[in-house]
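Dumped structure24.pdb below, it's PDB, C-alpha atoms:
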ATOM      1  CA  MET E   1      19.179 168.982-103.226  1.00  0.00           C
ATOM      2  CA  LEU E   2      16.142 169.430-100.985  1.00  0.00           C
ATOM      3  CA  GLY E   3      17.901 167.407 -98.232  1.00  0.00           C
ATOM      4  CA  HIS E   4      20.931 169.694 -98.302  1.00  0.00           C
ATOM      5  CA  ALA E   5      18.760 172.802 -98.104  1.00  0.00           C
ATOM      6  CA  ARG E   6      16.832 171.337 -95.176  1.00  0.00           C
ATOM      7  CA  ARG E   7      20.066 170.499 -93.361  1.00  0.00           C
ATOM      8  CA  PHE E   8      21.396 173.997 -94.052  1.00  0.00           C
ATOM      9  CA  VAL E   9      18.238 175.631 -92.640  1.00  0.00           C
ATOM     10  CA  VAL E  10      18.335 173.404 -89.546  1.00  0.00           C
ATOM     11  CA  THR E  11      22.033 174.175 -89.022  1.00  0.00           C
ATOM     12  CA  VAL E  12      21.467 177.925 -89.363  1.00  0.00           C
ATOM     13  CA  ALA E  13      18.467 177.746 -86.996  1.00  0.00           C
ATOM     14  CA  MET E  14      20.488 175.823 -84.404  1.00  0.00           C
ATOM     15  CA  ALA E  15      23.422 178.238 -84.667  1.00  0.00           C
ATOM     16  CA  THR E  16      21.074 181.217 -84.295  1.00  0.00           C
ATOM     17  CA  ALA E  17      19.430 179.653 -81.230  1.00  0.00           C
ATOM     18  CA  ALA E  18      22.813 178.865 -79.661  1.00  0.00           C
ATOM     19  CA  PHE E  19      24.013 182.421 -80.274  1.00  0.00           C
ATOM     20  CA  ALA E  20      20.815 183.873 -78.767  1.00  0.00           C
ATOM     21  CA  LEU E  21      21.138 181.681 -75.673  1.00  0.00           C
ATOM     22  CA  SER E  22      24.811 182.516 -75.173  1.00  0.00           C
ATOM     23  CA  SER E  23      24.096 186.250 -75.648  1.00  0.00           C
ATOM     24  CA  ALA E  24      21.304 186.107 -73.069  1.00  0.00           C
ATOM     25  CA  ALA E  25      23.563 184.297 -70.602  1.00  0.00           C
ATOM     26  CA  LEU E  26      26.350 186.817 -71.223  1.00  0.00           C
ATOM     27  CA  ALA E  27      23.992 189.752 -70.689  1.00  0.00           C
ATOM     28  CA  GLN E  28      22.709 188.202 -67.485  1.00  0.00           C
ATOM     29  CA  ASN E  29      26.240 187.765 -66.115  1.00  0.00           C
ATOM     30  CA  ASN E  30      27.531 191.156 -67.262  1.00  0.00           C
ATOM     31  CA  GLY E  31      25.372 193.737 -65.622  1.00  0.00           C
ATOM     32  CA  THR E  32      22.269 192.526 -63.976  1.00  0.00           C
ATOM     33  CA  CYS E  33      22.620 190.767 -60.671  1.00  0.00           C
ATOM     34  CA  SER E  34      19.411 190.810 -58.643  1.00  0.00           C
ATOM     35  CA  GLN E  35      21.350 190.417 -55.391  1.00  0.00           C
ATOM     36  CA  CYS E  36      24.132 192.909 -56.178  1.00  0.00           C
ATOM     37  CA  GLY E  37      24.607 196.572 -55.383  1.00  0.00           C
ATOM     38  CA  VAL E  38      26.972 199.314 -54.211  1.00  0.00           C
ATOM     39  CA  VAL E  39      27.484 200.250 -50.557  1.00  0.00           C
ATOM     40  CA  GLN E  40      26.277 203.820 -50.065  1.00  0.00           C
ATOM     41  CA  ASN E  41      26.979 204.189 -46.349  1.00  0.00           C
ATOM     42  CA  VAL E  42      28.227 202.242 -43.312  1.00  0.00           C
ATOM     43  CA  GLN E  43      27.078 203.743 -40.025  1.00  0.00           C
ATOM     44  CA  VAL E  44      27.813 202.591 -36.471  1.00  0.00           C
ATOM     45  CA  VAL E  45      24.898 202.821 -34.037  1.00  0.00           C
ATOM     46  CA  GLU E  46      25.521 202.735 -30.289  1.00  0.00           C
ATOM     47  CA  GLN E  47      22.600 201.767 -28.065  1.00  0.00           C
ATOM     48  CA  LYS E  48      23.029 202.597 -24.396  1.00  0.00           C
ATOM     49  CA  GLY E  49      22.419 199.579 -22.187  1.00  0.00           C
ATOM     50  CA  GLN E  50      19.752 199.298 -19.509  1.00  0.00           C
ATOM     51  CA  GLY E  51      20.583 199.674 -15.841  1.00  0.00           C
ATOM     52  CA  SER E  52      19.420 196.805 -13.630  1.00  0.00           C
ATOM     53  CA  GLY E  53      19.643 198.864 -10.445  1.00  0.00           C
ATOM     54  CA  VAL E  54      22.786 197.137  -9.184  1.00  0.00           C
ATOM     55  CA  GLY E  55      24.987 200.017 -10.358  1.00  0.00           C
ATOM     56  CA  MET E  56      22.645 202.559  -8.814  1.00  0.00           C
ATOM     57  CA  ILE E  57      22.584 200.795  -5.441  1.00  0.00           C
ATOM     58  CA  ALA E  58      26.345 200.188  -5.374  1.00  0.00           C
ATOM     59  CA  GLY E  59      27.042 203.766  -6.445  1.00  0.00           C
ATOM     60  CA  GLY E  60      24.626 205.114  -3.826  1.00  0.00           C
ATOM     61  CA  VAL E  61      26.260 203.124  -1.046  1.00  0.00           C
ATOM     62  CA  ILE E  62      29.782 204.141  -2.069  1.00  0.00           C
ATOM     63  CA  GLY E  63      28.744 207.765  -2.554  1.00  0.00           C
ATOM     64  CA  GLY E  64      27.004 207.805   0.836  1.00  0.00           C
ATOM     65  CA  VAL E  65      30.049 206.380   2.589  1.00  0.00           C
ATOM     66  CA  LEU E  66      32.345 208.923   0.903  1.00  0.00           C
ATOM     67  CA  GLY E  67      29.941 211.769   1.640  1.00  0.00           C
ATOM     68  CA  HIS E  68      29.748 210.751   5.272  1.00  0.00           C
ATOM     69  CA  GLN E  69      33.492 211.402   5.579  1.00  0.00           C
ATOM     70  CA  ILE E  70      32.892 215.125   5.040  1.00  0.00           C
ATOM     71  CA  GLY E  71      31.945 217.544   7.809  1.00  0.00           C
ATOM     72  CA  SER E  72      30.018 216.988  11.011  1.00  0.00           C
ATOM     73  CA  GLY E  73      26.439 217.492  12.207  1.00  0.00           C
ATOM     74  CA  ARG E  74      23.994 218.741   9.572  1.00  0.00           C
ATOM     75  CA  GLY E  75      26.796 219.243   7.028  1.00  0.00           C
ATOM     76  CA  ASN E  76      27.674 215.610   7.421  1.00  0.00           C
ATOM     77  CA  THR E  77      24.067 214.553   6.802  1.00  0.00           C
ATOM     78  CA  VAL E  78      23.774 216.749   3.714  1.00  0.00           C
ATOM     79  CA  ALA E  79      27.094 215.452   2.366  1.00  0.00           C
ATOM     80  CA  THR E  80      25.986 211.854   2.971  1.00  0.00           C
ATOM     81  CA  ILE E  81      22.693 212.391   1.105  1.00  0.00           C
ATOM     82  CA  ALA E  82      24.371 214.310  -1.721  1.00  0.00           C
ATOM     83  CA  GLY E  83      27.091 211.649  -2.000  1.00  0.00           C
ATOM     84  CA  ALA E  84      24.496 208.885  -2.099  1.00  0.00           C
ATOM     85  CA  GLY E  85      22.513 210.678  -4.825  1.00  0.00           C
ATOM     86  CA  ALA E  86      25.553 211.460  -6.937  1.00  0.00           C
ATOM     87  CA  GLY E  87      26.925 207.958  -6.435  1.00  0.00           C
ATOM     88  CA  ALA E  88      23.604 206.372  -7.425  1.00  0.00           C
ATOM     89  CA  TYR E  89      23.482 208.453 -10.614  1.00  0.00           C
ATOM     90  CA  ALA E  90      27.119 207.709 -11.457  1.00  0.00           C
ATOM     91  CA  GLY E  91      26.720 203.998 -10.704  1.00  0.00           C
ATOM     92  CA  ASN E  92      23.653 203.771 -12.931  1.00  0.00           C
ATOM     93  CA  GLU E  93      25.423 205.554 -15.831  1.00  0.00           C
ATOM     94  CA  ILE E  94      28.489 203.341 -15.461  1.00  0.00           C
ATOM     95  CA  GLU E  95      26.301 200.231 -15.603  1.00  0.00           C
ATOM     96  CA  LYS E  96      24.450 201.495 -18.695  1.00  0.00           C
ATOM     97  CA  ASN E  97      27.751 202.251 -20.448  1.00  0.00           C
ATOM     98  CA  LYS E  98      29.041 198.800 -19.537  1.00  0.00           C
ATOM     99  CA  ASN E  99      25.941 197.218 -21.086  1.00  0.00           C
ATOM    100  CA  LYS E 100      25.871 199.298 -24.289  1.00  0.00           C
ATOM    101  CA  THR E 101      25.638 197.551 -27.639  1.00  0.00           C
ATOM    102  CA  ARG E 102      26.912 198.451 -31.085  1.00  0.00           C
ATOM    103  CA  SER E 103      25.429 197.655 -34.437  1.00  0.00           C
ATOM    104  CA  TRP E 104      26.288 198.681 -37.976  1.00  0.00           C
ATOM    105  CA  ASN E 105      23.765 199.827 -40.592  1.00  0.00           C
ATOM    106  CA  VAL E 106      24.889 199.221 -44.178  1.00  0.00           C
ATOM    107  CA  ALA E 107      22.921 201.085 -46.872  1.00  0.00           C
ATOM    108  CA  ILE E 108      23.139 199.493 -50.327  1.00  0.00           C
ATOM    109  CA  ARG E 109      21.866 200.788 -53.662  1.00  0.00           C
ATOM    110  CA  MET E 110      20.853 197.629 -55.490  1.00  0.00           C
ATOM    111  CA  ASP E 111      21.415 197.197 -59.237  1.00  0.00           C
ATOM    112  CA  ASN E 112      17.639 197.421 -59.780  1.00  0.00           C
ATOM    113  CA  GLY E 113      17.641 200.926 -58.203  1.00  0.00           C
ATOM    114  CA  GLN E 114      16.157 199.858 -54.872  1.00  0.00           C
ATOM    115  CA  ASN E 115      17.770 201.140 -51.643  1.00  0.00           C
ATOM    116  CA  ARG E 116      18.121 198.553 -48.884  1.00  0.00           C
ATOM    117  CA  THR E 117      19.602 198.789 -45.385  1.00  0.00           C
ATOM    118  CA  PHE E 118      20.938 195.858 -43.392  1.00  0.00           C
ATOM    119  CA  THR E 119      21.913 195.829 -39.705  1.00  0.00           C
ATOM    120  CA  TYR E 120      24.836 193.732 -38.429  1.00  0.00           C
ATOM    121  CA  SER E 121      25.945 193.029 -34.864  1.00  0.00           C
ATOM    122  CA  SER E 122      29.626 192.864 -35.827  1.00  0.00           C
ATOM    123  CA  GLN E 123      31.573 195.368 -37.903  1.00  0.00           C
ATOM    124  CA  PRO E 124      31.268 194.537 -41.609  1.00  0.00           C
ATOM    125  CA  THR E 125      34.341 194.379 -43.814  1.00  0.00           C
ATOM    126  CA  VAL E 126      32.751 196.466 -46.575  1.00  0.00           C
ATOM    127  CA  HIS E 127      33.167 200.209 -47.083  1.00  0.00           C
ATOM    128  CA  GLN E 128      31.362 202.953 -48.942  1.00  0.00           C
ATOM    129  CA  GLY E 129      31.706 202.447 -52.703  1.00  0.00           C
ATOM    130  CA  ASP E 130      32.313 198.679 -52.518  1.00  0.00           C
ATOM    131  CA  ARG E 131      30.330 196.495 -54.920  1.00  0.00           C
ATOM    132  CA  VAL E 132      28.688 193.664 -52.965  1.00  0.00           C
ATOM    133  CA  LYS E 133      26.421 190.675 -53.378  1.00  0.00           C
ATOM    134  CA  LEU E 134      23.870 189.680 -50.754  1.00  0.00           C
ATOM    135  CA  VAL E 135      24.450 186.208 -49.317  1.00  0.00           C
ATOM    136  CA  ASP E 136      21.758 184.384 -47.323  1.00  0.00           C
ATOM    137  CA  GLY E 137      19.227 187.126 -47.993  1.00  0.00           C
ATOM    138  CA  GLY E 138      21.569 189.844 -46.751  1.00  0.00           C
ATOM    139  CA  ARG E 139      22.766 188.154 -43.566  1.00  0.00           C
ATOM    140  CA  ARG E 140      26.241 188.344 -45.101  1.00  0.00           C
ATOM    141  CA  LEU E 141      27.827 190.483 -47.807  1.00  0.00           C
ATOM    142  CA  ALA E 142      30.389 189.316 -50.355  1.00  0.00           C
ATOM    143  CA  LEU E 143      32.638 191.697 -52.255  1.00  0.00           C
ATOM    144  CA  VAL E 144      32.143 191.555 -56.008  1.00  0.00           C
ATOM    145  CA  SER E 145      34.713 192.750 -58.541  1.00  0.00           C
ATOM    146  CA  ASN E 146      33.548 195.714 -60.624  1.00  0.00           C
TER     147      ASN E 146
END

This structure in C-alpha coordinates:
Amino acid sequence: MLGHARRFVVTVAMATAAFALSSAALAQNNGTCSQCGVVQNVQVVEQKGQGSGVGMIAGGVIGGVLGHQIGSGRGNTVATIAGAGAGAYAGNEIEKNKNKTRSWNVAIRMDNGQNRTFTYSSQPTVHQGDRVKLVDGGRRLALVSN
(Lines of atoms letter the chains of each structure in order from A and count residues from 1; the text may use other names and numbers.)
(Lines give C-alpha, C1' and ligand atoms only; values in the text may rest on other atoms or scores of the structure.)
Protein backbone atom coordinates (compact mmCIF):
# COMPACT_ATOMS: atom_id res chain seq x y z
CA MET A 1 0.00 0.00 0.00
CA LEU A 2 2.84 2.37 0.89
CA GLY A 3 4.47 1.66 -2.52
CA HIS A 4 1.30 2.63 -4.38
CA ALA A 5 0.97 5.86 -2.40
CA ARG A 6 4.60 6.72 -3.09
CA ARG A 7 4.14 6.08 -6.80
CA PHE A 8 0.97 8.18 -6.81
CA VAL A 9 2.75 11.11 -5.11
CA VAL A 10 5.69 10.88 -7.53
CA THR A 11 3.31 10.75 -10.51
CA VAL A 12 1.34 13.77 -9.28
CA ALA A 13 4.58 15.68 -8.60
CA MET A 14 5.90 14.90 -12.08
CA ALA A 15 2.62 15.90 -13.73
CA THR A 16 2.56 19.16 -11.75
CA ALA A 17 6.16 19.93 -12.75
CA ALA A 18 5.44 19.16 -16.41
CA PHE A 19 2.36 21.39 -16.36
CA ALA A 20 4.32 24.24 -14.72
CA LEU A 21 7.10 23.97 -17.30
CA SER A 22 4.69 23.88 -20.24
CA SER A 23 2.74 26.86 -18.81
CA ALA A 24 5.95 28.85 -18.42
CA ALA A 25 7.00 28.03 -21.98
CA LEU A 26 3.54 28.98 -23.27
CA ALA A 27 3.60 32.29 -21.40
CA GLN A 28 7.05 33.04 -22.75
CA ASN A 29 5.94 32.41 -26.34
CA ASN A 30 2.60 34.21 -26.04
CA GLY A 31 3.36 37.75 -25.08
CA THR A 32 6.84 38.48 -24.02
CA CYS A 33 9.48 38.66 -26.69
CA SER A 34 12.53 40.64 -25.60
CA GLN A 35 13.41 41.46 -29.21
CA CYS A 36 9.88 42.30 -30.39
CA GLY A 37 7.97 45.54 -30.69
CA VAL A 38 5.64 47.71 -32.79
CA VAL A 39 6.86 50.21 -35.39
CA GLN A 40 5.84 53.69 -34.25
CA ASN A 41 7.29 55.72 -37.12
CA VAL A 42 9.35 55.36 -40.32
CA GLN A 43 11.04 58.59 -41.35
CA VAL A 44 13.24 59.29 -44.38
CA VAL A 45 16.24 61.55 -43.74
CA GLU A 46 18.01 63.24 -46.64
CA GLN A 47 21.57 64.42 -46.05
CA LYS A 48 22.90 66.87 -48.61
CA GLY A 49 26.22 65.74 -50.05
CA GLN A 50 29.49 67.63 -49.84
CA GLY A 51 30.84 69.60 -52.77
CA SER A 52 34.40 68.75 -53.78
CA GLY A 53 34.89 72.00 -55.68
CA VAL A 54 34.68 70.37 -59.11
CA GLY A 55 31.06 71.49 -59.55
CA MET A 56 31.90 74.99 -58.41
CA ILE A 57 34.83 75.33 -60.81
CA ALA A 58 32.94 73.82 -63.76
CA GLY A 59 29.89 75.97 -63.03
CA GLY A 60 32.06 79.09 -62.71
CA VAL A 61 33.76 78.46 -66.04
CA ILE A 62 30.48 77.77 -67.85
CA GLY A 63 28.79 80.74 -66.20
CA GLY A 64 31.72 83.01 -67.08
CA VAL A 65 31.67 81.92 -70.71
CA LEU A 66 27.90 82.47 -70.94
CA GLY A 67 28.15 85.82 -69.18
CA HIS A 68 30.88 86.93 -71.54
CA GLN A 69 28.43 86.57 -74.44
CA ILE A 70 26.38 89.47 -73.06
CA GLY A 71 27.14 93.12 -73.77
CA SER A 72 30.41 94.86 -74.48
CA GLY A 73 32.96 96.89 -72.51
CA ARG A 74 32.25 97.22 -68.78
CA GLY A 75 28.85 95.53 -69.15
CA ASN A 76 30.59 92.55 -70.63
CA THR A 77 33.02 92.38 -67.70
CA VAL A 78 30.22 92.64 -65.14
CA ALA A 79 28.20 89.97 -66.95
CA THR A 80 31.24 87.68 -67.07
CA ILE A 81 31.88 88.07 -63.32
CA ALA A 82 28.19 87.69 -62.45
CA GLY A 83 27.90 84.64 -64.72
CA ALA A 84 30.98 83.07 -63.14
CA GLY A 85 29.63 83.67 -59.62
CA ALA A 86 26.16 82.36 -60.41
CA GLY A 87 27.60 79.40 -62.30
CA ALA A 88 29.95 78.53 -59.43
CA TYR A 89 27.05 78.60 -56.95
CA ALA A 90 24.80 76.55 -59.24
CA GLY A 91 27.57 74.05 -60.00
CA ASN A 92 28.30 73.57 -56.31
CA GLU A 93 24.59 73.02 -55.48
CA ILE A 94 24.20 70.57 -58.35
CA GLU A 95 27.20 68.58 -57.11
CA LYS A 96 25.87 68.53 -53.53
CA ASN A 97 22.46 67.31 -54.74
CA LYS A 98 24.15 64.63 -56.83
CA ASN A 99 26.05 63.41 -53.76
CA LYS A 100 23.11 63.46 -51.32
CA THR A 101 22.36 60.38 -49.25
CA ARG A 102 19.15 58.97 -47.83
CA SER A 103 18.61 57.01 -44.68
CA TRP A 104 15.53 55.78 -42.87
CA ASN A 105 14.93 56.05 -39.12
CA VAL A 106 12.59 53.40 -37.74
CA ALA A 107 11.21 54.06 -34.23
CA ILE A 108 10.04 50.93 -32.41
CA ARG A 109 8.20 50.61 -29.10
CA MET A 110 9.57 47.39 -27.66
CA ASP A 111 7.38 44.95 -25.72
CA ASN A 112 9.22 45.90 -22.51
CA GLY A 113 8.13 49.55 -22.99
CA GLN A 114 11.50 50.82 -24.20
CA ASN A 115 11.61 53.08 -27.29
CA ARG A 116 14.41 52.31 -29.74
CA THR A 117 15.35 53.90 -33.07
CA PHE A 118 17.32 52.18 -35.82
CA THR A 119 18.81 53.79 -38.93
CA TYR A 120 18.95 51.94 -42.27
CA SER A 121 20.68 52.90 -45.51
CA SER A 122 18.01 51.25 -47.66
CA GLN A 123 14.25 51.66 -47.38
CA PRO A 124 12.83 49.16 -44.89
CA THR A 125 9.82 47.03 -45.78
CA VAL A 126 8.05 47.74 -42.49
CA HIS A 127 5.40 50.39 -41.89
CA GLN A 128 3.89 52.16 -38.91
CA GLY A 129 1.86 49.71 -36.81
CA ASP A 130 3.73 46.58 -37.97
CA ARG A 131 4.81 44.13 -35.28
CA VAL A 132 8.50 43.30 -35.76
CA LYS A 133 11.33 41.30 -34.26
CA LEU A 134 14.91 42.56 -34.21
CA VAL A 135 17.33 40.33 -36.11
CA ASP A 136 21.11 40.63 -35.67
CA GLY A 137 20.71 43.21 -32.92
CA GLY A 138 18.45 45.40 -35.05
CA ARG A 139 20.47 45.34 -38.27
CA ARG A 140 17.41 43.74 -39.84
CA LEU A 141 13.72 43.63 -38.94
CA ALA A 142 11.40 40.66 -39.39
CA LEU A 143 7.63 40.97 -39.47
CA VAL A 144 5.90 39.06 -36.70
CA SER A 145 2.25 38.00 -36.79
CA ASN A 146 0.11 39.65 -34.11

(message) Just checking: using only C-alpha atoms, which residue out of E:Gly113, E:Gly37, E:Gly129, E:Gly85 ends up closest to Ile57 (chain E)?
(response) E:Gly85

(message) Can you tell me which residues surround Asp130 (chain E) at a distance of at most 9 Å, considering all atoms listed in the file, apart from same-chain residues fewer than 5 positions away, and format the answer as a PyMOL selection string?
(response) chain E and resi 37-40+143-146

Any chance you can output those residues with C-alpha atoms as a PDB file, in the frame of the given file?
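Result written to part05.pdb:
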ATOM      1  CA  GLY E  37      24.607 196.572 -55.383  1.00  0.00           C
ATOM      2  CA  VAL E  38      26.972 199.314 -54.211  1.00  0.00           C
ATOM      3  CA  VAL E  39      27.484 200.250 -50.557  1.00  0.00           C
ATOM      4  CA  GLN E  40      26.277 203.820 -50.065  1.00  0.00           C
ATOM      5  CA  LEU E 143      32.638 191.697 -52.255  1.00  0.00           C
ATOM      6  CA  VAL E 144      32.143 191.555 -56.008  1.00  0.00           C
ATOM      7  CA  SER E 145      34.713 192.750 -58.541  1.00  0.00           C
ATOM      8  CA  ASN E 146      33.548 195.714 -60.624  1.00  0.00           C
TER       9      ASN E 146
END

(message) Just to confirm, what's the straight-line distance from CA of Thr77 (chain E) to CA of Ile94 (chain E) in Å (one decimal)?
(response) 25.3 Å

(request) Name the residues, using the chain letters and numbers of the file, that sit within 9 Å of (22.2, 193.2, -36.4) when counting only C-alpha atoms, and give them as a list in words. (result)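 Here the neighbourhood of the point contains Arg102, Ser103, Trp104, Asn105, Phe118, Thr119, Tyr120, Ser121, Ser122 and Arg139 of chain E.
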
(message) For this structure, which residues satisfy the selection - the PyMOL selection byres ((chain E and resi 50) around 12) - when it is evaluated on the file as given? I want them as JSON, numbers by chain.
(response) {"E": [47, 48, 49, 51, 52, 53, 54, 55, 56, 92, 93, 94, 95, 96, 97, 98, 99, 100, 101]}

(request) Could you jot down the CA of Val42 (chain E) to CA of Leu141 (chain E) separation for me, Å, one decimal place? (result) 12.6 Å

(request) Measure the distance from CA of Arg131 (chain E) to CA of Glu46 (chain E) in Å and round it to one decimal. (result)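 Here the two named atoms are 25.9 Å from each other.
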
(message) Counting only C-alpha atoms, find residues at most 7 Å from (22.4, 195.7, -48.1) (file frame) and give them as a list in words.
(response)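 Taken together, the residues in range are Val106, Ala107, Ile108, Arg116, Thr117, Phe118, Leu134 and Gly138 of chain E.
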
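With distances restricted to all atoms listed in the file, E:Gly91 is the closest residue to Ala58 (chain E) from E:Gly83, E:Pro124, E:Gly137, E:Gly91.
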
Can you report as JSON the centre and edge lengths in Å, to one decimal, of an axis-aligned box around the listed atoms of region 36-49 of chain E padded with 5 Å on each side?
{"center_x": 25.3, "center_y": 198.5, "center_z": -39.2, "size_x": 15.8, "size_y": 21.3, "size_z": 44.0}
